[in-house]
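J.: Dropping a structure here in structure tokens format, bear with me for questions.
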Amino acid sequence: MSVGAATSVVKTESSRANAITVDVEEWFHICGPVAAVAFERWPSLPSRVVETTRLLLEDLDRAAARATFFVVGWIADRHPELIAEIAAAGHEIGSHSHLHQRVYELQPETFREDLRRSVTALAASGAPGVRAFRAPEWSINDRSLWALEVLASEGFATDASMAPVKLVGSVMYPRRPHARLTACGPILEMPPLVADRFGQVVPLGWGWGLRMSSPRRVLSTLEAANRSGVPGVLTVHPWEIDPDPPRVSLPPRLWFAHYFRLDGFRARLQAILRSGDFGAIGDLDASRVAGRA
Ligand SMILES: [Zn+2]
């Protein structure tokens, strides 16, 4: 299975400078061997996703921003009304897998099965024709590039899973949207926003990197990216704005990714949304979504 960067240009119709994306998952959808939130326990853990996703829907509505919601299929199975609400509000819907497993820990065929389950669950809840994917924990990387071919063969046009940072991806990955060629056709790769700070590449567009940054810093980084012709892609999770988030004991790296500086994040996010130019991935300015890797 060969995958490489291509030079073709992918056109879209609209003209937002940046994209906001939401990974719709529960507070307990944490990758890795954390016994307290193992898959077998999911049905018995308190669900927070409906109310916290509704808060995000309110904030997006107030900012007149459309977003791309990457939804865990398991959630679509349990809360189909939430997916219907997201679709009715006019947002774009993609898949965040069915059972929130790291792609590089799966085989191509088990990944395909999981992907199909998520697509079926999303279609049944009012989101047919899903063509965009984001892997849990940015887990399409050098260990799992085969997944891009699976996505293309299943009719997906866009992937937003390859992070240009060391811990979960590679600093060598392109920071701008680019086409990746697979034996089953091209797929548009949409990397998340990063910035060079403290001598390293920081995940400024998501997780601890986004939560630690002031709205001013995030907006100026987006402007700098836009000036060089690159759309910024931000990512948030419903559990990051939970006013009363349940917590579990996590190893340091996961603790940082999930719990660092949650305080006040919703207000900072609202300020970013108010002042920035955000749409769904499908709304990005066509001239910026070019296949120059
Ligand atoms: Zn996730």
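To be explicit about the labels: the chains of the structure tokens are called A, B, and onward in the order shown, and within each one the residues are counted from 1, while ligands get numbers from 1 in the order they are shown.
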Show me which residues are within 12 Å of ligand 1 counting only C-alpha atoms and all ligand atoms, and format the list as a VMD selection string.
T.: chain A and resid 21 to 32 69 to 75 95 to 103 133 to 139 160 to 161 206 to 207 235 to 240 257 to 258
J.: For those residues, write C-alpha atoms to a file as an mmCIF file, in the first residue's frame.
T.:
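Printed below is again-v7.cif as written:
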```cif
data_model
loop_
_atom_site.group_PDB
_atom_site.id
_atom_site.type_symbol
_atom_site.label_atom_id
_atom_site.label_comp_id
_atom_site.auth_asym_id
_atom_site.auth_seq_id
_atom_site.Cartn_x
_atom_site.Cartn_y
_atom_site.Cartn_z
ATOM 1 C CA THR A 21 -13.554 21.005 14.588
ATOM 2 C CA VAL A 22 -15.149 19.159 17.508
ATOM 3 C CA ASP A 23 -14.316 15.592 18.479
ATOM 4 C CA VAL A 24 -17.615 14.399 19.959
ATOM 5 C CA GLU A 25 -16.700 11.912 22.643
ATOM 6 C CA GLU A 26 -17.335 11.228 26.321
ATOM 7 C CA TRP A 27 -15.010 12.265 29.140
ATOM 8 C CA PHE A 28 -14.106 8.584 29.470
ATOM 9 C CA HIS A 29 -12.992 8.101 25.857
ATOM 10 C CA ILE A 30 -9.329 8.123 26.759
ATOM 11 C CA CYS A 31 -6.917 6.063 24.647
ATOM 12 C CA GLY A 32 -4.563 3.724 26.445
ATOM 13 C CA PHE A 69 -18.088 17.520 14.246
ATOM 14 C CA PHE A 70 -16.137 14.260 14.257
ATOM 15 C CA VAL A 71 -18.447 11.917 16.149
ATOM 16 C CA VAL A 72 -17.621 8.630 17.891
ATOM 17 C CA GLY A 73 -20.061 6.092 16.396
ATOM 18 C CA TRP A 74 -20.696 4.544 19.819
ATOM 19 C CA ILE A 75 -22.178 7.894 20.849
ATOM 20 C CA SER A 95 -16.437 10.072 11.859
ATOM 21 C CA HIS A 96 -14.187 9.857 14.926
ATOM 22 C CA SER A 97 -14.221 6.027 14.627
ATOM 23 C CA HIS A 98 -16.743 3.769 16.345
ATOM 24 C CA LEU A 99 -14.954 2.620 19.493
ATOM 25 C CA HIS A 100 -12.270 5.294 19.830
ATOM 26 C CA GLN A 101 -9.277 2.998 19.439
ATOM 27 C CA ARG A 102 -5.847 4.077 18.192
ATOM 28 C CA VAL A 103 -5.643 3.239 14.495
ATOM 29 C CA PHE A 133 -12.473 11.196 9.328
ATOM 30 C CA ARG A 134 -10.382 11.974 12.381
ATOM 31 C CA ALA A 135 -8.536 9.214 14.194
ATOM 32 C CA PRO A 136 -8.580 9.032 18.004
ATOM 33 C CA GLU A 137 -5.396 10.552 19.445
ATOM 34 C CA TRP A 138 -4.096 11.567 15.968
ATOM 35 C CA SER A 139 -3.260 7.904 15.458
ATOM 36 C CA ALA A 160 -7.712 15.149 9.689
ATOM 37 C CA SER A 161 -5.641 12.707 11.723
ATOM 38 C CA TRP A 206 -5.805 21.618 20.333
ATOM 39 C CA GLY A 207 -5.400 20.026 23.743
ATOM 40 C CA THR A 235 -9.967 21.124 17.639
ATOM 41 C CA VAL A 236 -11.981 21.031 20.844
ATOM 42 C CA HIS A 237 -13.814 18.379 22.846
ATOM 43 C CA PRO A 238 -17.136 18.652 24.688
ATOM 44 C CA TRP A 239 -15.467 17.458 27.914
ATOM 45 C CA GLU A 240 -13.081 20.409 27.823
ATOM 46 C CA ALA A 257 -3.572 16.105 27.599
ATOM 47 C CA HIS A 258 -6.923 15.851 29.360
#
```
J.: Could you please write out, as a VMD selection string, every residue of segment 46-163 of chain A that DSSP assigns to strand (DSSP E)?
T.: chain A and resid 68 to 71 92 to 95 132 to 133 158 to 159
J.: Please give the complete set of residues from segment 30-200 of chain A that DSSP, run on the backbone, assigns to helix (DSSP H, G or I), formatted as a ChimeraX atom specification.
T.: /A:35-37,39-44,49-62,73-78,80-88,103-105,108-124,136-138,146-153
J.: Select, from A:Leu262, A:Val165, A:Leu148, A:Val202, the residue with the minimum atom-to-atom distance to Ala183 of chain A, counting only C-alpha atoms.
T.: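 Comparing A:Leu262, A:Val165, A:Leu148, A:Val202 against Ala183 of chain A, the winner is A:Leu148.
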J.: Using only C-alpha atoms, which of the listed residues (A:Ile241, A:Ala267, A:Ala280, A:Leu45) sits closest to Ala17 of chain A?
T.: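 Among the listed residues, the smallest separation from Ala17 of chain A belongs to A:Ala280.
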J.: What's the 9 Å shell around Gly90 of chain A, counting only C-alpha atoms, without same-chain residues fewer than 4 positions away, as a PyMOL selection string?
T.: chain A and resi 66-67+85-86
J.: Measuring atom to atom with only C-alpha atoms, identify which of A:Leu222, A:Ala132, A:Cys184, A:Ala121 is nearest to Glu149 of chain A.
T.: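 Result for the nearest residue to Glu149 of chain A: A:Cys184.
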J.: Interatomic distance between atom CA of Ser214 of chain A and atom CA of Asp283 of chain A?
T.: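 Atom-to-atom, atom CA of Ser214 of chain A and atom CA of Asp283 of chain A are spaced 25.4 Å apart.
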J.: How many Å separate atom CA of Glu113 of chain A from atom CA of Ala152 of chain A?
T.: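 So the two atoms, atom CA of Glu113 of chain A and atom CA of Ala152 of chain A, lie 14.2 Å apart.
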